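Asks: Dropping in input_15.cif, with mmCIF, C-alpha atoms.
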```cif
data_model
#
loop_
_atom_site.label_atom_id
_atom_site.label_comp_id
_atom_site.auth_asym_id
_atom_site.auth_seq_id
_atom_site.Cartn_x
_atom_site.Cartn_y
_atom_site.Cartn_z
CA GLY A 57 -44.97 -48.72 -32.85
CA ASN A 58 -41.72 -47.26 -34.23
CA HIS A 59 -42.42 -43.97 -32.51
CA LEU A 60 -42.88 -45.74 -29.16
CA TYR A 61 -39.62 -47.67 -29.64
CA LEU A 62 -37.70 -44.51 -30.45
CA PHE A 63 -39.14 -42.78 -27.37
CA LYS A 64 -38.19 -45.67 -25.08
CA ASN A 65 -34.69 -45.84 -26.61
CA TYR A 66 -34.20 -42.11 -26.16
CA HIS A 67 -35.43 -42.34 -22.55
CA MET A 68 -33.02 -45.19 -21.76
CA ARG A 69 -30.10 -43.25 -23.24
CA ASN A 70 -30.90 -40.31 -20.97
CA VAL A 71 -31.05 -42.56 -17.91
CA ILE A 72 -27.70 -44.15 -18.78
CA PHE A 73 -26.15 -40.70 -19.37
CA ILE A 74 -27.40 -39.42 -16.00
CA VAL A 75 -26.10 -42.51 -14.17
CA ILE A 76 -22.65 -42.21 -15.81
CA SER A 77 -22.50 -38.47 -15.01
CA LEU A 78 -23.38 -39.06 -11.36
CA PHE A 79 -20.71 -41.76 -11.14
CA LEU A 80 -18.08 -39.50 -12.66
CA LEU A 81 -19.06 -36.65 -10.33
CA TRP A 82 -18.81 -38.97 -7.30
CA ALA A 83 -15.41 -40.21 -8.51
CA CYS A 84 -14.13 -36.65 -8.92
CA GLU A 85 -15.35 -35.66 -5.46
CA LYS A 86 -13.73 -38.77 -4.02
CA GLU A 87 -10.49 -37.92 -5.84
CA LYS A 88 -10.62 -34.37 -4.48
CA ILE A 89 -10.99 -35.70 -0.96
CA ILE A 90 -8.09 -38.08 -1.45
CA GLU A 91 -5.87 -35.32 -2.89
CA LYS A 92 -6.61 -32.81 -0.11
CA GLU A 93 -3.31 -31.25 0.92
CA VAL A 94 -2.05 -32.06 4.41
CA VAL A 95 -0.89 -28.93 6.28
CA LYS A 96 2.65 -29.41 7.56
CA VAL A 97 3.30 -28.66 11.21
CA TYR A 98 6.69 -26.99 11.68
CA ASN A 99 8.95 -27.12 14.73
CA TRP A 100 9.13 -23.32 14.79
CA LYS A 101 5.63 -21.93 15.27
CA THR A 102 4.47 -18.67 13.72
CA HIS A 103 3.13 -16.06 16.14
CA GLU A 104 -0.22 -15.15 14.61
CA ALA A 105 -0.32 -11.65 16.10
CA PHE A 106 2.40 -10.37 13.77
CA GLN A 107 0.83 -9.92 10.37
CA TYR A 108 0.44 -7.24 7.71
CA ASN A 109 2.37 -4.11 8.81
CA GLU A 110 3.72 -5.91 11.88
CA VAL A 111 5.29 -8.84 10.07
CA VAL A 112 8.69 -7.08 9.96
CA GLN A 113 10.32 -7.02 13.41
CA MET A 114 13.92 -5.84 13.79
CA ASN A 115 14.82 -6.48 17.43
CA SER A 116 13.69 -7.98 20.75
CA TYR A 117 14.58 -7.78 24.44
CA ALA A 118 13.34 -9.96 27.29
CA THR A 119 12.91 -9.08 30.95
CA ASP A 120 11.48 -11.36 33.61
CA ASP A 121 8.05 -9.82 33.10
CA MET A 122 7.85 -8.79 29.45
CA LEU A 123 9.16 -9.46 25.97
CA PHE A 124 9.65 -6.29 23.94
CA LEU A 125 9.81 -6.20 20.14
CA TYR A 126 10.70 -3.39 17.77
CA GLY A 127 9.45 -2.99 14.22
CA PRO A 128 9.38 -0.11 11.74
CA HIS A 129 5.76 0.73 12.62
CA SER A 130 5.42 -0.07 16.32
CA PHE A 131 6.90 -1.11 19.62
CA THR A 132 5.33 -4.27 21.04
CA SER A 133 5.13 -5.88 24.47
CA ILE A 134 4.19 -9.51 25.08
CA ALA A 135 3.05 -10.67 28.52
CA PRO A 136 3.64 -14.23 29.81
CA ASP A 137 0.93 -16.78 29.01
CA THR A 138 0.06 -17.06 32.70
CA VAL A 139 -0.48 -13.33 33.26
CA GLU A 140 -3.44 -11.32 32.06
CA HIS A 141 -2.12 -8.22 30.34
CA PRO A 142 -3.85 -5.09 31.70
CA ASP A 143 -3.43 -2.87 28.63
CA GLU A 144 -6.55 -3.87 26.68
CA LEU A 145 -6.50 -0.60 24.74
CA PHE A 146 -3.45 -1.67 22.73
CA GLY A 147 -4.17 -5.36 22.32
CA GLY A 148 -4.17 -7.34 25.58
CA GLN A 149 -1.65 -10.18 25.78
CA VAL A 150 0.24 -8.67 22.82
CA SER A 151 0.15 -4.87 22.88
CA PHE A 152 1.16 -2.78 19.86
CA TYR A 153 2.22 0.83 20.46
CA PRO A 154 2.56 2.78 17.18
CA HIS A 155 5.66 4.89 16.60
CA TRP A 156 5.05 8.62 16.39
CA ASN A 157 7.45 8.67 13.45
CA GLU A 158 8.07 5.57 11.35
CA GLN A 159 11.48 3.96 11.87
CA PRO A 160 13.74 2.57 9.12
CA GLY A 161 13.25 -1.06 8.10
CA ASP A 162 16.98 -1.66 7.66
CA LYS A 163 18.17 -0.63 11.14
CA LYS A 164 18.29 -2.65 14.36
CA ILE A 165 17.52 -0.07 17.03
CA PRO A 166 18.31 -1.14 20.60
CA ILE A 167 15.87 -1.89 23.41
CA GLY A 168 16.80 -1.71 27.10
CA GLU A 169 14.99 -2.92 30.19
CA ASN A 170 13.59 0.54 30.99
CA PHE A 171 13.60 2.42 27.70
CA TYR A 172 14.18 2.24 23.97
CA LEU A 173 15.10 4.71 21.24
CA SER A 174 13.75 6.17 18.07
CA TYR A 175 15.43 8.72 15.84
CA SER A 176 15.11 10.98 12.85
CA GLN A 177 18.05 11.16 10.45
CA LYS A 178 16.64 14.28 8.82
CA SER A 179 16.33 16.35 12.01
CA GLY A 180 19.10 14.70 14.03
CA MET A 181 16.67 13.97 16.83
CA ILE A 182 16.88 11.13 19.38
CA ASN A 183 13.83 10.07 21.41
CA LEU A 184 14.16 8.27 24.74
CA ILE A 185 10.93 6.31 25.32
CA PRO A 186 9.94 4.29 28.42
CA THR A 187 9.15 0.63 27.79
CA LYS A 188 6.55 0.66 30.58
CA ASN A 189 4.32 3.34 29.02
CA PRO A 190 5.52 4.07 25.48
CA VAL A 191 2.70 6.34 24.31
CA LEU A 192 2.03 8.34 27.47
CA VAL A 193 2.12 12.03 26.61
CA GLY A 194 4.98 13.80 28.35
CA SER A 195 6.91 10.65 29.25
CA ARG A 196 9.49 10.92 26.44
CA PHE A 197 12.69 12.92 26.29
CA TYR A 198 14.01 14.48 23.08
CA LEU A 199 17.58 15.41 22.18
CA HIS A 200 18.72 17.24 19.07
CA LEU A 201 22.31 16.44 18.14
CA GLN A 202 22.77 19.84 16.51
CA ASN A 203 22.06 21.50 19.87
CA ILE A 204 24.63 19.30 21.61
CA ASP A 205 27.36 19.49 18.94
CA SER A 206 27.22 22.16 16.25
CA SER A 207 29.59 20.11 14.07
CA TYR A 208 27.04 17.26 13.88
CA ASN A 209 26.53 16.10 10.29
CA ARG A 210 24.52 12.86 10.38
CA PHE A 211 24.04 9.64 12.34
CA ASP A 212 26.51 6.95 11.27
CA LEU A 213 24.35 3.88 11.75
CA LEU A 214 25.01 0.26 10.85
CA HIS A 215 22.81 -1.90 8.65
CA TYR A 216 20.82 -4.43 10.69
CA MET A 217 22.91 -7.35 9.39
CA SER A 218 25.92 -5.80 11.16
CA GLY A 219 24.09 -5.62 14.49
CA GLU A 220 22.48 -2.87 16.53
CA CYS A 221 23.09 0.63 15.18
CA MET A 222 23.28 2.17 18.67
CA LYS A 223 23.91 0.55 22.04
CA ILE A 224 22.26 0.58 25.48
CA ASN A 225 24.17 -0.89 28.43
CA GLY A 226 22.97 -2.12 31.81
CA GLN A 227 23.69 1.26 33.45
CA ASN A 228 21.04 3.06 31.39
CA GLN A 229 23.65 4.58 29.11
CA VAL A 230 23.33 5.03 25.35
CA LEU A 231 26.16 5.22 22.82
CA ILE A 232 25.38 6.76 19.42
CA PRO A 233 27.93 7.15 16.60
CA TYR A 234 27.68 10.12 14.26
CA SER A 235 29.81 11.89 11.69
CA TYR A 236 30.84 15.49 12.06
CA PHE A 237 31.97 18.19 9.65
CA TYR A 238 33.81 21.28 10.81
CA ASP A 239 36.27 23.64 9.11
CA LYS A 240 36.60 21.36 6.07
CA THR A 241 37.33 18.40 8.35
CA ASN A 242 35.12 15.38 8.83
CA GLY A 243 35.36 12.35 11.08
CA LEU A 244 33.64 10.14 13.63
CA LYS A 245 32.29 11.10 17.05
CA LEU A 246 30.32 9.27 19.73
CA LEU A 247 27.55 10.62 21.93
CA LEU A 248 27.31 9.01 25.37
CA ILE A 249 24.00 9.70 27.16
CA ASP A 250 23.40 8.95 30.82
CA VAL A 251 19.67 8.33 31.03
CA LYS A 252 17.51 8.95 34.09
CA ILE A 253 14.19 7.17 34.66
CA ILE A 254 11.86 9.13 36.92
CA ASN A 255 9.07 7.29 38.76
CA TYR A 256 6.31 9.62 39.92
CA HIS A 257 3.42 8.73 42.24
CA ASP A 258 1.16 8.07 39.24
CA GLY A 259 2.99 4.78 38.59
CA PHE A 260 4.35 5.78 35.18
CA ASP A 261 7.97 6.17 34.02
CA TYR A 262 9.28 9.45 32.65
CA MET A 263 12.53 9.90 30.75
CA ASP A 264 15.26 12.45 31.45
CA THR A 265 19.02 12.69 31.10
CA ILE A 266 21.72 13.09 33.73
CA LYS A 267 24.43 14.18 31.31
CA THR A 268 25.58 13.91 27.70
CA ARG A 269 29.19 13.60 26.61
CA VAL A 270 30.69 13.99 23.16
CA ILE A 271 33.62 11.63 22.56
CA GLN A 272 35.80 12.46 19.59
CA ILE A 273 37.97 9.87 17.86
CA ASP A 274 41.16 11.80 17.17
CA ASP A 275 43.08 9.25 15.09
CA ASP A 276 43.45 10.04 11.41
CA TYR A 277 41.30 8.37 8.75
CA GLN A 278 38.59 7.14 11.14
CA TYR A 279 35.43 8.08 9.28
CA ASN A 280 33.06 5.13 9.58
CA THR A 281 31.48 2.89 12.18
CA ILE A 282 32.26 -0.71 11.25
CA ALA A 283 30.95 -2.48 14.37
CA LEU A 284 29.38 -1.75 17.76
CA ASN A 285 29.54 -4.15 20.69
CA CYS A 286 28.67 -3.91 24.38
CA ILE A 287 29.82 -6.40 27.02
CA ASP A 288 29.55 -5.96 30.81
CA ASP A 289 28.45 -2.32 30.35
CA VAL A 290 31.60 -1.50 28.33
CA PHE A 291 31.22 -0.29 24.73
CA TYR A 292 33.52 -1.35 21.89
CA VAL A 293 33.56 0.65 18.66
CA THR A 294 35.34 -0.61 15.56
CA SER A 295 36.14 2.18 13.12
CA ASP A 296 37.94 1.96 9.78
CA TYR A 297 41.21 0.68 11.28
CA ASN A 298 40.95 0.57 15.09
CA VAL A 299 38.96 -0.75 18.02
CA TYR A 300 38.08 1.66 20.83
CA ARG A 301 36.95 0.80 24.35
CA ILE A 302 34.59 3.23 26.11
CA ASN A 303 33.79 2.68 29.79
CA THR A 304 30.86 3.98 31.80
CA ASP A 305 32.78 7.17 32.70
CA GLY A 306 33.18 8.02 29.02
CA GLU A 307 36.91 7.26 28.98
CA ILE A 308 38.06 6.09 25.56
CA ASN A 309 41.06 3.85 24.88
CA LYS A 310 42.34 2.59 21.57
CA VAL A 311 42.84 -1.10 22.36
CA PHE A 312 43.49 -2.65 18.93
CA ASN A 313 44.77 -1.44 15.59
CA ARG A 314 42.87 -3.89 13.41
CA ARG A 315 39.21 -4.48 12.72
CA LEU A 316 37.18 -6.69 15.02
CA TYR A 317 33.76 -7.14 13.48
CA ARG A 318 32.17 -9.06 16.34
CA ILE A 319 33.13 -9.27 20.04
CA VAL A 320 31.51 -11.93 22.23
CA GLU A 321 32.03 -13.23 25.76
CA SER A 322 32.41 -16.84 26.85
CA ASN A 323 33.45 -18.05 30.31
CA GLY A 324 34.88 -14.65 31.24
CA THR A 325 37.04 -14.25 28.12
CA LEU A 326 36.32 -11.85 25.26
CA PHE A 327 36.67 -13.14 21.72
CA GLY A 328 36.94 -10.82 18.73
CA PHE A 329 36.45 -12.02 15.17
CA GLY A 330 38.58 -10.41 12.51
CA GLN A 331 38.89 -11.34 8.88
CA ASN A 332 39.57 -15.11 9.01
CA ASN A 333 41.10 -15.03 12.48
CA MET A 334 40.19 -14.80 16.16
CA PHE A 335 41.67 -12.64 18.92
CA TYR A 336 40.95 -12.92 22.62
CA SER A 337 41.23 -10.76 25.72
CA THR A 338 41.44 -11.88 29.34
CA ASP A 339 41.66 -8.38 30.85
CA ASN A 340 38.22 -7.00 29.97
CA GLY A 341 39.15 -5.82 26.50
CA PHE A 342 42.28 -3.75 27.19
CA THR A 343 44.74 -6.05 25.38
CA TRP A 344 44.15 -8.62 22.66
CA THR A 345 46.10 -11.77 21.75
CA GLU A 346 45.96 -13.47 18.38
CA GLY A 347 44.42 -16.92 18.54
CA TYR A 348 43.79 -19.06 15.46
CA GLU A 349 42.29 -18.96 11.99
CA THR A 350 38.51 -18.95 11.86
CA PRO A 351 36.00 -19.11 9.00
CA TRP A 352 34.94 -15.78 7.56
CA GLU A 353 31.34 -16.76 8.34
CA LEU A 354 31.85 -16.01 12.05
CA VAL A 355 32.09 -12.33 11.13
CA LEU A 356 28.78 -12.50 9.30
CA LEU A 357 26.84 -13.94 12.23
CA ASN A 358 25.06 -11.93 14.88
CA TYR A 359 25.15 -13.29 18.41
CA ALA A 360 22.92 -13.75 21.44
CA LYS A 361 23.02 -15.70 24.71
CA ILE A 362 20.36 -18.32 25.50
CA ASN A 363 20.69 -20.18 28.81
CA GLY A 364 24.28 -18.94 29.01
CA LYS A 365 25.17 -20.48 25.65
CA LEU A 366 26.45 -18.47 22.72
CA ILE A 367 24.08 -18.49 19.74
CA GLY A 368 24.99 -17.24 16.27
CA TYR A 369 22.39 -16.52 13.60
CA ARG A 370 22.20 -15.31 10.02
CA TYR A 371 19.34 -15.50 7.53
CA ALA A 372 17.44 -18.69 8.47
CA GLN A 373 20.32 -20.48 10.20
CA LEU A 374 21.02 -20.86 13.93
CA PHE A 375 24.23 -22.14 15.51
CA GLU A 376 25.33 -23.03 19.01
CA ILE A 377 28.91 -21.74 19.27
CA THR A 378 31.46 -23.20 21.68
CA ILE A 379 34.71 -21.25 21.81
CA ASN A 380 37.88 -20.97 23.89
CA GLU A 381 41.47 -19.86 23.36
CA ASN A 382 42.36 -23.07 21.50
CA GLU A 383 39.37 -24.02 19.37
CA PHE A 384 35.79 -23.37 18.44
CA GLN A 385 32.88 -25.56 17.41
CA ALA A 386 29.62 -24.68 15.71
CA LYS A 387 26.54 -26.92 15.91
CA GLU A 388 23.74 -25.99 13.54
CA LEU A 389 20.37 -25.99 15.28
CA ASP A 390 16.98 -27.08 14.00
CA ASN A 391 15.34 -24.41 11.83
CA ASP A 392 12.32 -26.29 10.53
CA GLY A 393 9.78 -23.64 9.61
CA LEU A 394 12.33 -20.86 9.12
CA GLU A 395 13.37 -21.64 5.55
CA GLY A 396 13.65 -18.47 3.48
CA LYS A 397 13.44 -16.17 6.51
CA SER A 398 15.94 -13.58 7.70
CA ILE A 399 16.33 -13.67 11.50
CA THR A 400 16.94 -10.31 13.17
CA SER A 401 17.04 -11.25 16.89
CA VAL A 402 16.85 -14.15 19.35
CA SER A 403 15.42 -13.88 22.88
CA LYS A 404 14.33 -16.26 25.64
CA PHE A 405 11.06 -15.46 27.39
CA ASP A 406 8.37 -17.40 29.26
CA ASN A 407 10.13 -20.76 28.72
CA LYS A 408 10.22 -20.17 24.98
CA VAL A 409 12.77 -18.89 22.50
CA TYR A 410 11.42 -16.13 20.25
CA LEU A 411 12.88 -15.12 16.89
CA THR A 412 12.09 -11.87 15.14
CA SER A 413 12.59 -11.70 11.40
CA LEU A 414 11.79 -9.70 8.28
CA SER A 415 8.78 -11.96 7.71
CA GLY A 416 7.23 -12.80 11.05
CA VAL A 417 7.83 -13.79 14.66
CA PHE A 418 8.50 -17.43 15.54
CA TYR A 419 8.83 -19.40 18.77
CA LYS A 420 9.44 -22.85 20.21
CA PRO A 421 9.89 -24.28 23.74
CA VAL A 422 13.33 -23.54 25.14
CA ASP A 423 13.96 -27.23 25.89
CA GLU A 424 13.63 -27.92 22.15
CA PHE A 425 15.80 -25.01 21.03
CA PHE A 426 19.19 -26.75 21.24
CA ILE A 427 18.13 -29.74 19.10
CA GLU A 428 20.64 -30.22 16.30
CA LYS A 429 19.45 -29.80 12.74
CA GLU A 430 18.93 -33.08 10.93
CA VAL A 431 21.40 -33.65 8.12
CA GLU A 432 19.68 -34.18 4.80
CA GLU A 433 20.91 -37.29 3.01
#
```
For the file at hand, write its structure as structure tokens.
Replies:
Amino acid sequence: GNHLYLFKNYHMRNVIFIVISLFLLWACEKEKIIEKEVVKVYNWKTHEAFQYNEVVQMNSYATDDMLFLYGPHSFTSIAPDTVEHPDELFGGQVSFYPHWNEQPGDKKIPIGENFYLSYSQKSGMINLIPTKNPVLVGSRFYLHLQNIDSSYNRFDLLHYMSGECMKINGQNQVLIPYSYFYDKTNGLKLLLIDVKIINYHDGFDYMDTIKTRVIQIDDDYQYNTIALNCIDDVFYVTSDYNVYRINTDGEINKVFNRRLYRIVESNGTLFGFGQNNMFYSTDNGFTWTEGYETPWELVLLNYAKINGKLIGYRYAQLFEITINENEFQAKELDNDGLEGKSITSVSKFDNKVYLTSLSGVFYKPVDEFFIEKEVEE
């Protein structure tokens, strides 16, 4: 009888243990379900096509038909959502065209409507590449600086946080700064290239040049490129102590004897940002008048135009800038989803605003772009 009692008691203990274990397991599963993390939806959406090697994008340029992007590993074109992209070989709606030689990840190389550039610091070579057919054999044009100017030493190119390191204007001209060394003398020169786009019957674009001009800066102690700007097809180069204006004919004029780090246009007036002050020009950059004190941060911003409005950006911040001869205002724009990023360019395309950065491509509808950032309490 005792043996039967012990067996029954042991059996009941097992049943109770199993029931308690099942209850605890159910409770844990229920707790896991309750604690499941909710994925936050950000105002700025991440473009899923730009991952891995393509996550770093340094520049962008929008036409009516295409958005072009430039990264260290490839050149990319994005077609509008409503248009089926024909180039299935390189990706379809988003097409990646690999560079033949990898480009630096700290330089913002310009893109134009018809062509873009790549370069080699080691060989002093510049490549002119059509945006329409970037990898077509025979469509590129190569220039070696040493063959154009025997005193060529090296390209003098800005870091991406100071803006584009070369410039392309609306007349298919390229301005490239470089340093020279000759007879124990060194200094700064500019190469102005007039680019020709040839359209053959095959429907492709081919690159050529009309002429190249070497522009020497003769003033003493001008060794470095501090800033490059281009407005209404006119180039502005800030060197160590001066600002030079270069027109489409290659004529150079020294127009200011102080540094202007950024030059922007608003309502037909040019505004140049110096160290803690603003200067403006109403005669297309020939003469400059001192305006008022401005925050140093205006020098640190890069600028773009969206719907005719001036946009400044740096790191993860975006600002709508309103400026005239008497005052300026800066409204910080919503950057939800951009925290910790470093923006490299801003472009409007297909009713969206696209941002390139060192860690992805982001976009939002253009009618939501100018929403002011909420102030955290």
Asks: For this structure, which residues satisfy the selection - the PyMOL selection byres ((chain A and resi 405) around 8) - when it is evaluated on the file as given? I want them as a tab-separated table (two decimals) with C-alpha atoms, in the frame of the given file.
Replies:
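Result file follows (expr.tsv):
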```tsv
chain	number	residue	atom	x	y	z
A	118	ALA	CA	13.34	-9.96	27.29
A	119	THR	CA	12.91	-9.08	30.95
A	120	ASP	CA	11.48	-11.36	33.61
A	122	MET	CA	7.85	-8.79	29.45
A	123	LEU	CA	9.16	-9.46	25.97
A	136	PRO	CA	3.64	-14.23	29.81
A	403	SER	CA	15.42	-13.88	22.88
A	404	LYS	CA	14.33	-16.26	25.64
A	406	ASP	CA	8.37	-17.40	29.26
A	407	ASN	CA	10.13	-20.76	28.72
A	408	LYS	CA	10.22	-20.17	24.98
A	409	VAL	CA	12.77	-18.89	22.50
A	410	TYR	CA	11.42	-16.13	20.25
```
Asks: Could you tell me how far CA of Cys221 (chain A) sits from CA of Tyr208 (chain A), in Å to one decimal place?
Replies: 17.1 Å
Asks: Find the residues near Gly328 (chain A): any atom within 8 Å, counting all atoms listed in the file, skip ones fewer than 5 places away on the same chain, and give them as a list in words.
Replies: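 Result of the neighbour search: Leu316, Tyr317, Arg318, Ile319, Val320, Met334, Phe335 and Tyr336 of chain A.
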Asks: Next, dump the selected residues to file, keeping only C-alpha atoms, as a PDB file, in the frame of the given file.
Replies:
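So the final result, stored in again-v2.pdb, reads:
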```pdb
ATOM      1  CA  LEU A 316      37.180  -6.690  15.020  1.00  0.00           C
ATOM      2  CA  TYR A 317      33.760  -7.140  13.480  1.00  0.00           C
ATOM      3  CA  ARG A 318      32.170  -9.060  16.340  1.00  0.00           C
ATOM      4  CA  ILE A 319      33.130  -9.270  20.040  1.00  0.00           C
ATOM      5  CA  VAL A 320      31.510 -11.930  22.230  1.00  0.00           C
ATOM      6  CA  MET A 334      40.190 -14.800  16.160  1.00  0.00           C
ATOM      7  CA  PHE A 335      41.670 -12.640  18.920  1.00  0.00           C
ATOM      8  CA  TYR A 336      40.950 -12.920  22.620  1.00  0.00           C
TER       9      TYR A 336
END
```
Asks: Applying the PyMOL selection byres ((chain A and resi 214) around 10) to the file I just gave you, which residues come out? Please list them as a list in words.
Replies: Asp162, Lys163, Lys164, Ile165, Phe211, Asp212, Leu213, His215, Tyr216, Met217, Ser218, Gly219, Glu220, Cys221, Met222, Pro233, Asn280, Thr281, Ile282, Ala283 and Leu284 of chain A
Asks: Would you export the selected residues with C-alpha atoms as a compact mmCIF listing (two decimals), in the coordinates of the input, please?
Replies:
```txt
# COMPACT_ATOMS: atom_id res chain seq x y z
CA ASP A 162 16.98 -1.66 7.66
CA LYS A 163 18.17 -0.63 11.14
CA LYS A 164 18.29 -2.65 14.36
CA ILE A 165 17.52 -0.07 17.03
CA PHE A 211 24.04 9.64 12.34
CA ASP A 212 26.51 6.95 11.27
CA LEU A 213 24.35 3.88 11.75
CA HIS A 215 22.81 -1.90 8.65
CA TYR A 216 20.82 -4.43 10.69
CA MET A 217 22.91 -7.35 9.39
CA SER A 218 25.92 -5.80 11.16
CA GLY A 219 24.09 -5.62 14.49
CA GLU A 220 22.48 -2.87 16.53
CA CYS A 221 23.09 0.63 15.18
CA MET A 222 23.28 2.17 18.67
CA PRO A 233 27.93 7.15 16.60
CA ASN A 280 33.06 5.13 9.58
CA THR A 281 31.48 2.89 12.18
CA ILE A 282 32.26 -0.71 11.25
CA ALA A 283 30.95 -2.48 14.37
CA LEU A 284 29.38 -1.75 17.76
```
Asks: Compare A:Asp205, A:Asp305, A:Asp296, A:Glu430 by their minimum atom-to-atom distance to Gln229 (chain A), counting all atoms listed in the file, and give me the closest one.
Replies: A:Asp305
Asks: Could you list, as a PyMOL selection string, every residue matched by the PyMOL selection byres ((chain A and resi 131) around 8) in this structure?
Replies: chain A and resi 124-127+129-130+132-133+152-155+190
Asks: Distance CA of Leu201 (chain A)-CA of Pro166 (chain A), one decimal place?
Replies: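 Interatomic distance here is 18.2 Å.
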